[in-house]
Structures are given as structure tokens and as C-alpha cells.
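Listing of data29.csv; format and content: CSV, C-alpha atoms.
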```csv
chain,number,residue,atom,x,y,z
A,1,MET,CA,13.8,-4.2,10.9
A,2,SER,CA,15.2,-1.3,8.8
A,3,ALA,CA,13.6,2.1,8.6
A,4,GLU,CA,10.7,2.9,6.4
A,5,ARG,CA,11.7,3.9,2.9
A,6,LEU,CA,10.5,7.1,1.2
A,7,GLN,CA,7.3,6.7,-0.8
A,8,SER,CA,8.9,8.0,-3.9
A,9,VAL,CA,9.5,6.8,-7.5
A,10,LEU,CA,12.9,8.4,-7.3
A,11,HIS,CA,14.1,5.9,-4.6
A,12,PRO,CA,13.6,2.5,-6.4
A,13,ALA,CA,14.2,-0.8,-4.6
A,14,GLY,CA,13.2,-3.2,-7.3
A,15,TRP,CA,13.9,-3.9,-11.0
A,16,ASP,CA,10.6,-2.4,-12.4
A,17,ALA,CA,10.8,0.5,-10.0
A,18,ALA,CA,14.3,1.3,-11.3
A,19,ILE,CA,13.0,1.4,-14.9
A,20,ILE,CA,10.1,3.6,-14.0
A,21,SER,CA,12.5,5.9,-12.0
A,22,GLN,CA,14.6,6.2,-15.2
A,23,PHE,CA,11.5,7.2,-17.1
A,24,ALA,CA,10.9,9.9,-14.5
A,25,TRP,CA,14.5,11.3,-14.6
A,26,VAL,CA,14.6,11.4,-18.4
A,27,LEU,CA,11.2,13.2,-18.6
A,28,PHE,CA,12.2,15.6,-15.8
A,29,ILE,CA,15.5,16.5,-17.5
A,30,ALA,CA,14.1,16.7,-21.0
A,31,GLY,CA,11.2,18.8,-19.8
A,32,ALA,CA,13.5,21.2,-18.0
A,33,MET,CA,15.8,21.6,-21.0
A,34,ILE,CA,12.8,22.3,-23.3
A,35,PHE,CA,11.4,24.8,-20.8
A,36,VAL,CA,14.7,26.7,-20.5
A,37,ALA,CA,15.0,26.8,-24.3
A,38,VAL,CA,11.5,28.1,-24.7
A,39,MET,CA,12.1,30.8,-22.1
A,40,LEU,CA,15.3,31.9,-23.9
A,41,LEU,CA,13.4,32.1,-27.2
A,42,LEU,CA,10.7,34.2,-25.5
A,43,VAL,CA,13.3,36.7,-24.2
A,44,VAL,CA,14.8,36.9,-27.7
A,45,SER,CA,11.4,37.4,-29.3
A,46,LEU,CA,10.6,40.2,-26.9
A,47,ARG,CA,13.8,42.1,-27.7
A,48,ARG,CA,13.6,42.2,-31.5
A,49,HIS,CA,10.9,42.0,-34.1
A,50,GLU,CA,11.2,39.2,-36.6
A,51,ARG,CA,10.0,39.3,-40.2
A,52,PRO,CA,7.0,37.1,-41.1
A,53,ALA,CA,9.1,34.7,-43.1
A,54,ARG,CA,11.4,34.1,-40.1
A,55,ALA,CA,8.4,33.7,-37.9
A,56,LEU,CA,6.9,31.0,-40.1
A,57,LEU,CA,10.3,29.2,-40.0
A,58,TRP,CA,10.2,29.2,-36.2
A,59,ILE,CA,6.6,28.0,-36.2
A,60,GLY,CA,7.4,25.2,-38.6
A,61,GLY,CA,10.7,24.2,-36.9
A,62,GLY,CA,9.9,24.8,-33.3
A,63,GLY,CA,6.2,24.1,-33.3
A,64,ILE,CA,6.0,21.1,-35.7
A,65,ALA,CA,9.4,19.5,-36.5
A,66,PHE,CA,11.0,19.8,-33.0
A,67,PRO,CA,8.1,18.2,-31.1
A,68,VAL,CA,7.7,15.5,-33.7
A,69,VAL,CA,11.3,14.5,-33.5
A,70,VAL,CA,11.6,14.7,-29.7
A,71,LEU,CA,8.3,12.9,-29.0
A,72,THR,CA,9.1,10.2,-31.5
A,73,ALA,CA,12.5,9.6,-29.9
A,74,LEU,CA,11.0,9.5,-26.5
A,75,LEU,CA,8.3,7.1,-27.7
A,76,GLY,CA,10.8,4.8,-29.3
A,77,TRP,CA,13.1,4.8,-26.3
A,78,SER,CA,10.3,4.3,-23.7
A,79,THR,CA,8.7,1.5,-25.8
A,80,TRP,CA,12.1,-0.3,-26.0
A,81,ARG,CA,12.7,0.2,-22.2
A,82,SER,CA,9.2,-1.0,-21.3
A,83,THR,CA,9.9,-4.4,-22.8
A,84,GLU,CA,12.3,-5.0,-19.9
A,85,LEU,CA,9.5,-4.6,-17.3
A,86,ALA,CA,8.5,-7.8,-15.7
A,87,PRO,CA,5.5,-9.6,-17.3
A,88,GLN,CA,2.4,-9.4,-15.1
A,89,SER,CA,2.2,-13.1,-14.5
A,90,SER,CA,2.0,-15.3,-11.4
A,91,HIS,CA,4.4,-17.9,-13.0
A,92,ASP,CA,7.2,-18.8,-10.6
A,93,ALA,CA,6.1,-16.2,-8.1
A,94,LEU,CA,4.7,-16.1,-4.6
A,95,THR,CA,1.0,-15.2,-5.0
A,96,ILE,CA,-0.7,-12.9,-2.5
A,97,SER,CA,-4.3,-11.7,-2.8
A,98,VAL,CA,-5.1,-8.1,-2.0
A,99,THR,CA,-8.6,-6.8,-1.8
A,100,ALA,CA,-9.2,-3.0,-1.5
A,101,LYS,CA,-12.1,-1.8,0.6
A,102,MET,CA,-13.2,1.6,1.8
A,103,TRP,CA,-10.6,2.4,3.3
A,104,TRP,CA,-8.3,-0.4,4.1
A,105,TRP,CA,-6.6,-3.4,2.5
A,106,GLU,CA,-7.4,-7.1,3.1
A,107,VAL,CA,-4.3,-9.3,2.4
A,108,ARG,CA,-4.6,-13.1,2.0
A,109,TYR,CA,-1.9,-15.8,1.8
A,110,ARG,CA,-2.0,-19.5,1.2
A,111,ASP,CA,-0.5,-21.5,4.1
A,112,PRO,CA,2.0,-23.8,2.4
A,113,ALA,CA,1.6,-26.4,5.2
A,114,THR,CA,-2.2,-26.8,5.2
A,115,GLY,CA,-3.4,-24.9,2.1
A,116,ARG,CA,-5.7,-22.8,4.2
A,117,GLU,CA,-6.0,-19.0,3.7
A,118,ILE,CA,-4.1,-16.7,6.1
A,119,VAL,CA,-5.9,-13.3,6.4
A,120,THR,CA,-4.3,-10.1,7.6
A,121,ALA,CA,-4.7,-6.4,6.8
A,122,ASN,CA,-2.9,-3.3,5.7
A,123,GLU,CA,0.6,-4.9,5.5
A,124,ILE,CA,2.0,-7.1,2.8
A,125,HIS,CA,5.0,-9.2,4.0
A,126,ILE,CA,7.1,-10.6,1.2
A,127,PRO,CA,10.5,-12.4,1.0
A,128,ALA,CA,13.3,-10.1,-0.2
A,129,GLY,CA,14.8,-11.0,-3.6
A,130,ARG,CA,11.9,-13.2,-4.7
A,131,GLU,CA,9.3,-12.4,-7.3
A,132,VAL,CA,5.8,-11.8,-5.9
A,133,TYR,CA,2.5,-11.6,-7.7
A,134,LEU,CA,-0.3,-9.6,-6.2
A,135,GLY,CA,-3.8,-10.6,-7.3
A,136,LEU,CA,-5.8,-7.5,-7.0
A,137,ASN,CA,-9.5,-6.8,-6.7
A,138,SER,CA,-11.9,-4.4,-5.1
A,139,ALA,CA,-14.9,-5.0,-2.9
A,140,ASP,CA,-16.7,-1.7,-3.5
A,141,VAL,CA,-15.4,1.2,-5.8
A,142,ILE,CA,-12.4,1.6,-8.0
A,143,HIS,CA,-9.1,1.7,-6.0
A,144,SER,CA,-5.5,1.7,-7.2
A,145,LEU,CA,-2.5,0.1,-5.6
A,146,TRP,CA,0.8,2.1,-5.9
A,147,ILE,CA,4.1,1.1,-4.2
A,148,PRO,CA,6.4,3.5,-6.0
A,149,ALA,CA,9.7,2.0,-4.6
A,150,LEU,CA,8.8,-1.4,-5.9
A,151,ALA,CA,6.6,-1.2,-9.0
A,152,GLY,CA,4.1,0.9,-10.9
A,153,LYS,CA,0.5,1.3,-10.0
A,154,ARG,CA,-2.4,-0.9,-10.9
A,155,ASP,CA,-6.1,-0.2,-10.8
A,156,MET,CA,-8.4,-2.4,-8.7
A,157,VAL,CA,-11.9,-2.6,-10.3
A,158,PRO,CA,-15.0,-4.3,-8.7
A,159,GLY,CA,-15.8,-7.5,-10.4
A,160,ARG,CA,-12.4,-7.9,-12.0
A,161,VAL,CA,-9.1,-9.4,-11.0
A,162,THR,CA,-5.9,-7.6,-12.0
A,163,GLY,CA,-2.3,-8.3,-11.1
A,164,LEU,CA,0.9,-6.6,-10.1
A,165,ARG,CA,4.3,-8.3,-10.1
A,166,LEU,CA,7.0,-6.9,-7.9
A,167,ARG,CA,10.2,-7.7,-6.1
A,168,ALA,CA,12.2,-6.0,-3.3
A,169,ASP,CA,15.9,-6.3,-3.9
A,170,LYS,CA,16.7,-6.1,-0.2
A,171,PRO,CA,14.9,-6.2,3.1
A,172,GLY,CA,13.1,-3.0,4.2
A,173,ILE,CA,9.7,-1.3,4.7
A,174,TYR,CA,8.2,0.3,1.6
A,175,ARG,CA,5.1,2.5,1.9
A,176,GLY,CA,2.2,2.2,-0.6
A,177,GLN,CA,-0.9,4.2,-1.2
A,178,CYS,CA,-4.3,4.1,-2.9
A,179,ALA,CA,-3.7,6.1,-6.0
A,180,GLU,CA,-7.3,6.4,-7.3
A,181,TYR,CA,-9.8,8.7,-5.5
A,182,CYS,CA,-12.2,6.4,-3.7
A,183,GLY,CA,-14.0,8.6,-1.2
A,184,ALA,CA,-13.6,10.7,2.0
A,185,GLN,CA,-10.6,8.8,3.4
A,186,HIS,CA,-8.8,8.1,0.2
A,187,ALA,CA,-5.7,10.1,1.5
A,188,LYS,CA,-5.6,7.8,4.6
A,189,MET,CA,-5.7,4.5,2.7
A,190,ALA,CA,-2.1,3.5,3.0
A,191,LEU,CA,-0.3,0.2,3.4
A,192,HIS,CA,3.2,-1.0,4.0
A,193,VAL,CA,5.2,-3.7,2.2
A,194,VAL,CA,7.6,-5.4,4.6
A,195,ALA,CA,10.4,-7.3,2.8
A,196,LEU,CA,12.1,-9.9,5.0
A,197,PRO,CA,14.9,-12.3,4.5
A,198,ALA,CA,13.5,-15.6,3.3
A,199,PRO,CA,13.9,-17.5,6.6
A,200,GLU,CA,12.3,-14.6,8.5
A,201,PHE,CA,9.4,-14.5,6.1
A,202,ASP,CA,8.8,-18.2,6.4
A,203,ALA,CA,8.8,-17.9,10.2
A,204,TRP,CA,6.4,-14.9,10.0
A,205,LEU,CA,4.0,-16.8,7.7
A,206,ALA,CA,4.0,-19.8,10.1
A,207,ARG,CA,3.1,-17.5,13.0
A,208,GLN,CA,0.3,-15.8,11.1
A,209,ALA,CA,-1.2,-19.2,10.3
A,210,LEU,CA,-1.7,-20.0,13.9
A,211,PRO,CA,-4.9,-18.9,15.8
A,212,ALA,CA,-4.7,-16.3,18.6
A,213,ALA,CA,-2.7,-17.6,21.5
A,214,PRO,CA,-5.0,-18.8,24.3
A,215,LEU,CA,-4.8,-17.1,27.6
A,216,SER,CA,-3.5,-20.0,29.7
A,217,SER,CA,-4.6,-20.1,33.3
A,218,ALA,CA,-1.0,-19.8,34.5
A,219,LEU,CA,-0.3,-16.6,32.6
A,220,GLU,CA,-3.7,-15.1,32.1
A,221,SER,CA,-3.9,-11.7,33.6
A,222,PRO,CA,-7.2,-10.1,34.8
A,223,VAL,CA,-6.6,-7.2,32.4
A,224,LEU,CA,-6.3,-9.5,29.4
A,225,GLN,CA,-9.3,-11.5,30.5
A,226,ARG,CA,-11.4,-8.4,30.9
A,227,GLY,CA,-10.3,-7.2,27.5
A,228,ARG,CA,-11.3,-10.4,25.8
A,229,SER,CA,-14.6,-10.3,27.6
A,230,ALA,CA,-15.2,-6.7,26.5
A,231,PHE,CA,-14.4,-7.7,22.8
A,232,LEU,CA,-17.2,-10.3,23.0
A,233,GLU,CA,-19.7,-8.3,25.0
A,234,GLN,CA,-19.4,-5.3,22.7
A,235,ARG,CA,-20.1,-7.6,19.7
A,236,CYS,CA,-16.8,-6.6,18.0
A,237,GLN,CA,-16.9,-10.1,16.5
A,238,ALA,CA,-19.8,-8.9,14.3
A,239,CYS,CA,-17.2,-7.3,12.1
A,240,HIS,CA,-13.8,-8.6,13.2
A,241,THR,CA,-12.3,-12.1,13.3
A,242,ILE,CA,-9.9,-13.4,16.0
A,243,ARG,CA,-9.2,-16.9,14.9
A,244,GLY,CA,-9.5,-19.3,17.9
A,245,VAL,CA,-11.9,-16.8,19.7
A,246,THR,CA,-14.6,-15.8,17.2
A,247,GLU,CA,-16.2,-17.0,13.9
A,248,VAL,CA,-14.8,-15.8,10.6
A,249,THR,CA,-16.2,-12.5,9.2
A,250,ARG,CA,-14.9,-10.3,6.4
A,251,LEU,CA,-16.6,-7.0,7.2
A,252,GLY,CA,-13.6,-5.5,9.0
A,253,PRO,CA,-9.9,-6.3,9.3
A,254,ASP,CA,-8.9,-9.7,10.8
A,255,LEU,CA,-7.5,-9.0,14.2
A,256,THR,CA,-5.9,-12.4,15.0
A,257,HIS,CA,-2.4,-10.9,15.1
A,258,VAL,CA,-3.2,-7.2,15.1
A,259,GLY,CA,-0.7,-6.5,17.8
A,260,SER,CA,2.2,-7.5,15.5
A,261,ARG,CA,1.3,-4.8,12.9
A,262,MET,CA,3.1,-1.5,12.7
A,263,HIS,CA,-0.1,0.7,12.1
A,264,ILE,CA,-3.8,0.6,12.6
A,265,GLY,CA,-6.4,2.4,10.4
A,266,ALA,CA,-4.5,1.6,7.2
A,267,GLY,CA,-1.4,3.5,8.1
A,268,THR,CA,-3.3,6.2,10.0
A,269,LEU,CA,-1.9,5.6,13.5
A,270,ARG,CA,1.2,3.9,14.9
A,271,ASN,CA,0.1,0.7,16.6
A,272,HIS,CA,0.4,0.8,20.4
A,273,ARG,CA,-2.0,0.6,23.3
A,274,ASP,CA,-2.8,4.3,23.5
A,275,SER,CA,-3.6,4.6,19.8
A,276,LEU,CA,-5.7,1.4,20.0
A,277,SER,CA,-7.6,2.8,22.9
A,278,SER,CA,-8.3,6.2,21.2
A,279,TRP,CA,-9.2,4.4,17.9
A,280,ILE,CA,-11.7,2.1,19.6
A,281,ALA,CA,-13.3,5.0,21.5
A,282,ASN,CA,-13.7,7.4,18.6
A,283,PRO,CA,-12.3,6.3,15.2
A,284,GLN,CA,-14.0,9.3,13.5
A,285,ALA,CA,-11.5,11.6,15.3
A,286,ALA,CA,-8.6,10.0,13.4
A,287,LYS,CA,-10.4,9.0,10.2
A,288,PRO,CA,-13.7,10.8,9.6
A,289,GLY,CA,-16.2,8.8,7.6
A,290,VAL,CA,-14.7,5.4,8.5
A,291,PHE,CA,-17.4,2.8,8.9
A,292,MET,CA,-16.4,1.6,12.3
A,293,PRO,CA,-18.6,2.9,15.1
A,294,GLY,CA,-17.1,4.4,18.2
A,295,SER,CA,-17.3,3.0,21.8
A,296,GLN,CA,-17.4,6.1,23.8
A,297,ASP,CA,-19.8,4.6,26.3
A,298,LEU,CA,-17.1,2.2,27.6
A,299,ASP,CA,-15.5,3.2,30.9
A,300,ARG,CA,-11.8,3.9,30.9
A,301,ASP,CA,-10.7,0.7,32.6
A,302,THR,CA,-12.6,-1.5,30.2
A,303,LEU,CA,-11.4,0.5,27.2
A,304,ASP,CA,-7.8,0.2,28.4
A,305,ALA,CA,-8.3,-3.5,29.0
A,306,LEU,CA,-9.6,-4.1,25.5
A,307,ALA,CA,-6.7,-2.1,24.0
A,308,THR,CA,-4.3,-4.1,26.0
A,309,TYR,CA,-5.8,-7.4,24.9
A,310,LEU,CA,-5.6,-6.4,21.2
A,311,GLU,CA,-2.0,-5.3,21.7
A,312,HIS,CA,-1.3,-8.7,23.1
A,313,LEU,CA,-2.4,-10.5,19.9
A,314,LYS,CA,0.9,-11.0,18.2
```

Represent the supplied structure as C-alpha cells.
Amino acid sequence: MSAERLQSVLHPAGWDAAIISQFAWVLFIAGAMIFVAVMLLLVVSLRRHERPARALLWIGGGGIAFPVVVLTALLGWSTWRSTELAPQSSHDALTISVTAKMWWWEVRYRDPATGREIVTANEIHIPAGREVYLGLNSADVIHSLWIPALAGKRDMVPGRVTGLRLRADKPGIYRGQCAEYCGAQHAKMALHVVALPAPEFDAWLARQALPAAPLSSALESPVLQRGRSAFLEQRCQACHTIRGVTEVTRLGPDLTHVGSRMHIGAGTLRNHRDSLSSWIANPQAAKPGVFMPGSQDLDRDTLDALATYLEHLK
């Protein structure tokens, strides 16, 4: 897997993002040129006194004519360029549902083999080079999905479904972010789009459709067995689903294949056993205000076993 790309509109990796990046460069350059010109005029005006008639000419030309001409030209060019943006339609595109919640993302696919939903969290895997349509909604307050390297941003409003069409030109990892203030942990509500070659995406989707691998008697370790027991005894299943182990719930992220994800806490921590352990014990330390309660009453061995079990779910 290639390295994570910068979260920047200036590093486009898709057709729409390239157009938006061009908008940014044109506005940056035009704004800089106008700023320099105004500063030069300011220096000139401070060095000599102009007669009222000349002052009125400058006001009419620089204050009225110039902005009308420049803004009209920019409006016409941006309107023409905007027509080349992809239509926000699911036609001939892979459709993925994304639900924003405080402060994480639920992602749902349709299993092409069975038609059932495949639920994951905080990562959107897509096939590189293929059009993808994200059906967006919110479960609580207004959020906004923004993946600057791939497309523009789109608001997610409770009770409404909006859409965002995007395409990654090549495989890579592209960081996204909630771009609408949504509460205490808005800044730590990130997600990653992982663009894979088509065969790798198909294989990934097939694995995600499977329930959690059972702990067979031949391979089952005491640590994993203790971790699974701790998950059930601590009533983690009240909020989290592990398909094949617990019933389905939508209160918290689906953990069926949590060990295969790059991050936990919506991009807050790198996903490995130590970070899982610290997150389970005290999620407020990493993400104050998050709704998940801590488990500081667990002894160290049980906590490590639970983290090891979750890391095992791939």
C-alpha cells in the first residue's frame, strides 16, 4: 500500500479535484497580483498628493470598473469550468453509503454476491480508476465530508440524503475530514479513502462480507479466548457488532474486521494492540467528549487480552 497522500486541494488525484485545484491556483495568483498592485498604488498615493479630479478617476476606475471587469471574467471562466465537474449521480458508479455520527463515520457497501449490507467504519475502500458515488446522510447534527485530493466537500444534513461522486485516478490513501463544526471532537473526525486496484478491492470486499473468523480449537489461544470472553462479559456488544459473535447494533462502529483498519477513533490513533488497549481503558484521554465509556476497572491482563482479540479481527 502506498503512503498516505497530503490532505490538500493542491495535490489532486481525481478529475474533479484537479478542476477545484485549478480554481484555487487561479484565485491565489489573481489575488496576489491584485494585492501587489494595491500596495504599489498605496505607496504612490502616500508620496504625492493627487488633485480631486484624478482621485475621482482612480475611484471610478479602480473601485468600480476594475472589480466589475475582473469579477465578471472570473465568474464566466469558473462557470464554464464548473460544467466539466462530474454530475452528482449514482448512474454507472459504485454506490457506497456513508453516515456521519458524532464523531465517526459508518460506511456501508452492498455485497454483490448476496445483496446483504457490509458495514465498516472510518475507512472508505474504493477501486482505483472507477467512478464512485457516496450516498451521504447524518444521524445527529450537520456534518460535511471533504476529501480534498478527490473531490469537493458535501454537507450531510439529518433527515436528508445528499451525494458526492468521486474517482481516484491511481491507488493510494487519501485523507478526509469533517468540514462542518459538529461539536467537541469535530477536529478529530477524520477518515481515509483507500483506493485499490480493482482485483484487490474485490478481494477486500469479499473478506469484509465474511463474519469474524471463529477461534478454532486447534489454533485458539488462551489470550484470544480470554479477550473474546472479556468482550462479552463487559457488554461491549451493547454498542458494537462482531458478526458471527454478537447481534447487530448500530450505536458504535462495527468491529467485525477492526484489526484490518489503519486507525481507530476516526483517524485519532494508529491501529495496533497498544493503542487499542489505551483506547479501551480511557478513550477520553485521546478524544475528550467521545461517547464511549472507559474500562479502567479491567486488570492489565484482561485489557491486553481484549486488545489482542480485537487486533486479531482482520

Task: Spatial neighbours of segment 256-264 of chain A, max dist 8 Å, all atoms listed in the file, sep filter under 3 positions, as an MDAnalysis selection string - done: chainID A and resid 120 122:123 208 211:212 241:243 267:272 276 310:314

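Distances from A:Tyr181, A:Tyr309, A:Phe231, A:Trp15 to Met102 of chain A were compared using only C-alpha atoms, and the smallest one belongs to A:Tyr181.
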
Point (10.4, -9.0, 5.1), cut-off 10 Å, counting all atoms listed in the file, residues as a PDB file with C-alpha atoms, keeping the file's coordinate frame:
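Listing of result13.pdb after writing:
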```
ATOM      1  CA  MET A   1      13.800  -4.200  10.900  1.00  0.00           C
ATOM      2  CA  SER A   2      15.200  -1.300   8.800  1.00  0.00           C
ATOM      3  CA  ILE A 124       2.000  -7.100   2.800  1.00  0.00           C
ATOM      4  CA  HIS A 125       5.000  -9.200   4.000  1.00  0.00           C
ATOM      5  CA  ILE A 126       7.100 -10.600   1.200  1.00  0.00           C
ATOM      6  CA  PRO A 127      10.500 -12.400   1.000  1.00  0.00           C
ATOM      7  CA  ALA A 128      13.300 -10.100  -0.200  1.00  0.00           C
ATOM      8  CA  GLY A 129      14.800 -11.000  -3.600  1.00  0.00           C
ATOM      9  CA  ALA A 168      12.200  -6.000  -3.300  1.00  0.00           C
ATOM     10  CA  LYS A 170      16.700  -6.100  -0.200  1.00  0.00           C
ATOM     11  CA  PRO A 171      14.900  -6.200   3.100  1.00  0.00           C
ATOM     12  CA  GLY A 172      13.100  -3.000   4.200  1.00  0.00           C
ATOM     13  CA  ILE A 173       9.700  -1.300   4.700  1.00  0.00           C
ATOM     14  CA  VAL A 193       5.200  -3.700   2.200  1.00  0.00           C
ATOM     15  CA  VAL A 194       7.600  -5.400   4.600  1.00  0.00           C
ATOM     16  CA  ALA A 195      10.400  -7.300   2.800  1.00  0.00           C
ATOM     17  CA  LEU A 196      12.100  -9.900   5.000  1.00  0.00           C
ATOM     18  CA  PRO A 197      14.900 -12.300   4.500  1.00  0.00           C
ATOM     19  CA  ALA A 198      13.500 -15.600   3.300  1.00  0.00           C
ATOM     20  CA  PRO A 199      13.900 -17.500   6.600  1.00  0.00           C
ATOM     21  CA  GLU A 200      12.300 -14.600   8.500  1.00  0.00           C
ATOM     22  CA  PHE A 201       9.400 -14.500   6.100  1.00  0.00           C
ATOM     23  CA  ASP A 202       8.800 -18.200   6.400  1.00  0.00           C
ATOM     24  CA  TRP A 204       6.400 -14.900  10.000  1.00  0.00           C
TER      25      TRP A 204
END
```

TODO: Enter the distance from atom CA of Asp304 of chain A to atom CA of Pro214 of chain A, in Å, rounded to one decimal.
DONE: 19.6 Å

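Within 12 Å of the file-frame point (18.0, -0.1, -9.2), and using all atoms listed in the file, the polymer residues found are Val9, Leu10, His11, Pro12, Ala13, Gly14, Trp15, Asp16, Ala17, Ala18, Ile19, Ile20, Ser21, Gln22, Ala149, Leu150, Ala151, Arg167, Ala168, Asp169 and Lys170 of chain A.
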
May I have the residues from that selection written out with C-alpha atoms, as a tab-separated table (two decimals), in the coordinates of the input?
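What follows is the written file again02.tsv:
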```tsv
chain	number	residue	atom	x	y	z
A	9	VAL	CA	9.50	6.80	-7.50
A	10	LEU	CA	12.90	8.40	-7.30
A	11	HIS	CA	14.10	5.90	-4.60
A	12	PRO	CA	13.60	2.50	-6.40
A	13	ALA	CA	14.20	-0.80	-4.60
A	14	GLY	CA	13.20	-3.20	-7.30
A	15	TRP	CA	13.90	-3.90	-11.00
A	16	ASP	CA	10.60	-2.40	-12.40
A	17	ALA	CA	10.80	0.50	-10.00
A	18	ALA	CA	14.30	1.30	-11.30
A	19	ILE	CA	13.00	1.40	-14.90
A	20	ILE	CA	10.10	3.60	-14.00
A	21	SER	CA	12.50	5.90	-12.00
A	22	GLN	CA	14.60	6.20	-15.20
A	149	ALA	CA	9.70	2.00	-4.60
A	150	LEU	CA	8.80	-1.40	-5.90
A	151	ALA	CA	6.60	-1.20	-9.00
A	167	ARG	CA	10.20	-7.70	-6.10
A	168	ALA	CA	12.20	-6.00	-3.30
A	169	ASP	CA	15.90	-6.30	-3.90
A	170	LYS	CA	16.70	-6.10	-0.20
```

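Atom CA of Gly289 of chain A lies 17.4 Å from atom CA of Ala139 of chain A.
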